[in-house]
Amino acid sequence: MATQTQSGLISGFETTYITRAELSDEGLKAIQERLNGVVAQYGGEVVMQEDWGKRKLAYPIAKESRGHYTYFVYTGKGDVVHEIERNLRLNDQVFRFLSVNLEKEFNIEAFKKARVEQQAAAKRREEEREARREERMAAMGERRSYAPRHQHAEAPEAAASEE
Amino acid sequence: MSYNREDKMDSGARDARDAREGRDDGDERGSRRGGGFSRKKVCRFCSDQDFIMDYKDIRMMQSFVSEHGKITPRRISGNCAMHQRKLTSAVKRARNLALVGYVSSGH
């Protein structure tokens, strides 16, 4: 809302949209091109574009259980979001999208830096979690050697998670 | 950003256990039994500068959602009021994008 009242400010927005998993690379590219065109037309700038790849959805949407996620960040005034969302709505390959208003005073460089840092932190946490899990697995393995019957019951799980 | 299923289940189970442990501690403190060990819960978002709220971080969102898809309450997660408020909106955004479920996280 603030973006519309203070039209002088350039704000940042992020939109994540989910396309059908069967959509070809060209199809996805066409959508991206179109959105880039819209952003340019409204005097904004595409800050970054991330492809999260195909993911399993937590619940089925539009009878789809998998989807291709694309995340992109752009600048502009409030009306650019309407246009982007209208374009996404028109495309029947896109079945879900979410736009978020980032900050009123959007700093592209700071945002990029923060995003990289955030991802690095997430990755670090992931590694720590992995390390802890392995530790636990090792501990369980030790315990199993005392109780061989237990080992049989839990062995398939251990094998599966080490893949 | 793709995670395998086993990982997810595993972390879910562990988080649930952590949550239970936390509650046990709380009970001990609540009953004021002397000599009991109690762990002070702190808001993870306040204590860890790297731990920034982000609805796009699937692992983070999953760690604050029960296996039935419910948002972990403050008394269990230990979040401060401000971050719990932000967390609820972040989880709801993640739900909208089907990153976490509305009803259950694992099928």
# chains A, B, ... in the order shown; residues from 1 in each chain; ligands from 1
$ residues_around --residues "range 84-92 of chain B" --least-positions-apart "3" --cutoff "10 Å" --atoms "only C-alpha atoms" --output "PyMOL selection string"
chain B and resi 43+45+53-58+60-62+64-65+69-74+77-81+95-102
$ residues_around --residues "range 73-79 of chain A" --least-positions-apart "3" --cutoff "12 Å" --atoms "only C-alpha atoms" --output "number ranges by chain"
A: 1-17, 32, 35-51, 70, 82-86, 98-108, 111-112, 115
$ interface_residues --of "chain A" --to "chain B" --cutoff "10 Å" --atoms "only C-alpha atoms" --output "JSON, numbers by chain"
{"A": [16, 17, 18, 51, 52, 53, 54, 55, 56, 57, 58, 59, 60, 61, 65, 66, 67, 69, 71, 96, 97, 98, 99, 100, 114, 117, 118, 119, 120, 121, 122, 123, 124, 125, 126, 129, 130, 133, 157, 158, 160, 161, 162, 163]}
$ select_by_dssp --residues "range 19-162 of chain A" --states "strand (DSSP E or B)" --output "JSON, numbers by chain"
{"A": [19, 20, 46, 47, 48, 49, 50, 51, 52, 53, 54, 55, 56, 57, 58, 59, 60, 61, 64, 65, 66, 67, 68, 69, 70, 71, 72, 73, 74, 75, 76, 94, 95, 96, 97, 98, 99, 100, 101]}
$ write_last_selection --atoms "C-alpha atoms" --output "PDB file, in the first residue's frame"
ATOM      1  CA  THR A  19       4.338 -23.846 -13.264  1.00  0.00           C
ATOM      2  CA  ARG A  20       3.339 -27.309 -14.340  1.00  0.00           C
ATOM      3  CA  VAL A  46      14.808  -7.395 -12.684  1.00  0.00           C
ATOM      4  CA  VAL A  47      17.092  -7.865  -9.710  1.00  0.00           C
ATOM      5  CA  MET A  48      17.437 -11.609  -9.676  1.00  0.00           C
ATOM      6  CA  GLN A  49      15.862 -14.726 -10.921  1.00  0.00           C
ATOM      7  CA  GLU A  50      16.184 -18.080  -9.249  1.00  0.00           C
ATOM      8  CA  ASP A  51      15.117 -21.413 -10.527  1.00  0.00           C
ATOM      9  CA  TRP A  52      14.266 -23.733  -7.656  1.00  0.00           C
ATOM     10  CA  GLY A  53      13.622 -26.570 -10.035  1.00  0.00           C
ATOM     11  CA  LYS A  54      10.887 -29.141  -9.811  1.00  0.00           C
ATOM     12  CA  ARG A  55       9.597 -29.877  -6.368  1.00  0.00           C
ATOM     13  CA  LYS A  56       6.956 -32.076  -4.918  1.00  0.00           C
ATOM     14  CA  LEU A  57       4.089 -29.962  -3.665  1.00  0.00           C
ATOM     15  CA  ALA A  58       3.029 -30.303  -0.046  1.00  0.00           C
ATOM     16  CA  TYR A  59      -0.541 -30.758  -1.256  1.00  0.00           C
ATOM     17  CA  PRO A  60      -1.974 -31.088  -4.750  1.00  0.00           C
ATOM     18  CA  ILE A  61      -2.871 -27.873  -6.551  1.00  0.00           C
ATOM     19  CA  GLU A  64      -0.817 -31.448  -9.909  1.00  0.00           C
ATOM     20  CA  SER A  65       1.415 -32.991  -7.294  1.00  0.00           C
ATOM     21  CA  ARG A  66       4.678 -31.607  -8.677  1.00  0.00           C
ATOM     22  CA  GLY A  67       5.561 -28.141  -9.792  1.00  0.00           C
ATOM     23  CA  HIS A  68       8.389 -26.067 -11.144  1.00  0.00           C
ATOM     24  CA  TYR A  69       9.213 -23.120  -8.893  1.00  0.00           C
ATOM     25  CA  THR A  70      10.619 -19.878 -10.192  1.00  0.00           C
ATOM     26  CA  TYR A  71      11.438 -17.007  -7.911  1.00  0.00           C
ATOM     27  CA  PHE A  72      12.194 -13.533  -9.127  1.00  0.00           C
ATOM     28  CA  VAL A  73      12.824 -10.155  -7.621  1.00  0.00           C
ATOM     29  CA  TYR A  74      12.200  -6.870  -9.348  1.00  0.00           C
ATOM     30  CA  THR A  75      11.815  -3.215  -8.649  1.00  0.00           C
ATOM     31  CA  GLY A  76       9.142  -0.805  -9.705  1.00  0.00           C
ATOM     32  CA  VAL A  94       1.047 -21.181 -13.955  1.00  0.00           C
ATOM     33  CA  PHE A  95      -1.141 -22.509 -11.193  1.00  0.00           C
ATOM     34  CA  ARG A  96       0.070 -20.660  -8.137  1.00  0.00           C
ATOM     35  CA  PHE A  97       1.981 -17.488  -7.445  1.00  0.00           C
ATOM     36  CA  LEU A  98       2.827 -15.322  -4.468  1.00  0.00           C
ATOM     37  CA  SER A  99       4.055 -11.756  -4.556  1.00  0.00           C
ATOM     38  CA  VAL A 100       5.609 -10.071  -1.573  1.00  0.00           C
ATOM     39  CA  ASN A 101       6.411  -6.409  -1.149  1.00  0.00           C
TER      40      ASN A 101
END
$ select_by_dssp --residues "range 62-120 of chain A" --states "helix (DSSP H, G or I)" --output "ChimeraX atom specification"
/A:79-90,108-120
$ write_last_selection --atoms "N, CA and C atoms" --output "mmCIF file, in the first residue's frame"
data_model
loop_
_atom_site.group_PDB
_atom_site.id
_atom_site.type_symbol
_atom_site.label_atom_id
_atom_site.label_comp_id
_atom_site.auth_asym_id
_atom_site.auth_seq_id
_atom_site.Cartn_x
_atom_site.Cartn_y
_atom_site.Cartn_z
ATOM 1 N N ASP A 79 2.071 -0.634 -9.297
ATOM 2 C CA ASP A 79 1.228 -1.139 -10.374
ATOM 3 C C ASP A 79 1.878 -2.264 -11.174
ATOM 4 N N VAL A 80 3.207 -2.395 -11.055
ATOM 5 C CA VAL A 80 3.880 -3.446 -11.807
ATOM 6 C C VAL A 80 3.431 -4.821 -11.294
ATOM 7 N N VAL A 81 3.136 -4.896 -9.997
ATOM 8 C CA VAL A 81 2.726 -6.178 -9.414
ATOM 9 C C VAL A 81 1.398 -6.621 -10.015
ATOM 10 N N HIS A 82 0.494 -5.670 -10.162
ATOM 11 C CA HIS A 82 -0.807 -6.000 -10.748
ATOM 12 C C HIS A 82 -0.630 -6.587 -12.132
ATOM 13 N N GLU A 83 0.242 -5.945 -12.895
ATOM 14 C CA GLU A 83 0.439 -6.375 -14.274
ATOM 15 C C GLU A 83 1.093 -7.765 -14.311
ATOM 16 N N ILE A 84 2.079 -7.964 -13.438
ATOM 17 C CA ILE A 84 2.750 -9.263 -13.377
ATOM 18 C C ILE A 84 1.742 -10.348 -13.015
ATOM 19 N N GLU A 85 0.943 -10.047 -11.996
ATOM 20 C CA GLU A 85 -0.012 -11.062 -11.540
ATOM 21 C C GLU A 85 -1.073 -11.320 -12.596
ATOM 22 N N ARG A 86 -1.451 -10.271 -13.313
ATOM 23 C CA ARG A 86 -2.443 -10.458 -14.383
ATOM 24 C C ARG A 86 -1.873 -11.399 -15.435
ATOM 25 N N ASN A 87 -0.608 -11.171 -15.777
ATOM 26 C CA ASN A 87 0.034 -12.013 -16.787
ATOM 27 C C ASN A 87 0.141 -13.463 -16.322
ATOM 28 N N LEU A 88 0.437 -13.622 -15.042
ATOM 29 C CA LEU A 88 0.552 -14.982 -14.514
ATOM 30 C C LEU A 88 -0.807 -15.672 -14.513
ATOM 31 N N ARG A 89 -1.839 -14.886 -14.217
ATOM 32 C CA ARG A 89 -3.177 -15.447 -14.167
ATOM 33 C C ARG A 89 -3.626 -15.890 -15.561
ATOM 34 N N LEU A 90 -3.194 -15.138 -16.570
ATOM 35 C CA LEU A 90 -3.605 -15.450 -17.943
ATOM 36 C C LEU A 90 -2.995 -16.756 -18.421
ATOM 37 N N ILE A 108 19.243 -2.626 -4.152
ATOM 38 C CA ILE A 108 19.487 -3.840 -4.938
ATOM 39 C C ILE A 108 20.710 -4.587 -4.440
ATOM 40 N N GLU A 109 21.795 -3.849 -4.277
ATOM 41 C CA GLU A 109 23.051 -4.499 -3.888
ATOM 42 C C GLU A 109 22.914 -5.166 -2.521
ATOM 43 N N ALA A 110 22.321 -4.389 -1.583
ATOM 44 C CA ALA A 110 22.169 -4.918 -0.224
ATOM 45 C C ALA A 110 21.311 -6.162 -0.249
ATOM 46 N N PHE A 111 20.279 -6.137 -1.078
ATOM 47 C CA PHE A 111 19.372 -7.286 -1.135
ATOM 48 C C PHE A 111 20.093 -8.515 -1.657
ATOM 49 N N LYS A 112 20.846 -8.323 -2.725
ATOM 50 C CA LYS A 112 21.571 -9.461 -3.310
ATOM 51 C C LYS A 112 22.526 -10.060 -2.297
ATOM 52 N N LYS A 113 23.225 -9.151 -1.599
ATOM 53 C CA LYS A 113 24.205 -9.603 -0.621
ATOM 54 C C LYS A 113 23.512 -10.383 0.500
ATOM 55 N N ALA A 114 22.419 -9.804 0.970
ATOM 56 C CA ALA A 114 21.691 -10.446 2.070
ATOM 57 C C ALA A 114 21.192 -11.816 1.650
ATOM 58 N N ARG A 115 20.724 -11.909 0.429
ATOM 59 C CA ARG A 115 20.177 -13.175 -0.064
ATOM 60 C C ARG A 115 21.262 -14.251 -0.131
ATOM 61 N N VAL A 116 22.434 -13.840 -0.618
ATOM 62 C CA VAL A 116 23.545 -14.789 -0.696
ATOM 63 C C VAL A 116 23.926 -15.266 0.696
ATOM 64 N N GLU A 117 24.002 -14.300 1.611
ATOM 65 C CA GLU A 117 24.375 -14.641 2.985
ATOM 66 C C GLU A 117 23.362 -15.575 3.619
ATOM 67 N N GLN A 118 22.103 -15.256 3.352
ATOM 68 C CA GLN A 118 21.032 -16.057 3.931
ATOM 69 C C GLN A 118 21.099 -17.488 3.425
ATOM 70 N N GLN A 119 21.368 -17.620 2.130
ATOM 71 C CA GLN A 119 21.449 -18.958 1.560
ATOM 72 C C GLN A 119 22.648 -19.716 2.106
ATOM 73 N N ALA A 120 23.743 -18.968 2.307
ATOM 74 C CA ALA A 120 24.944 -19.593 2.865
ATOM 75 C C ALA A 120 24.654 -20.090 4.268
#
$ atom_distance --atom1 "CA of Arg44 in chain B" --atom2 "CA of Ala131 in chain A"
19.8 Å
$ atom_distance --atom1 "CA of Arg39 in chain B" --atom2 "CA of Ala139 in chain A"
23.8 Å
$ atom_distance --atom1 "CA of Gly141 in chain A" --atom2 "CA of Glu128 in chain A"
19.7 Å
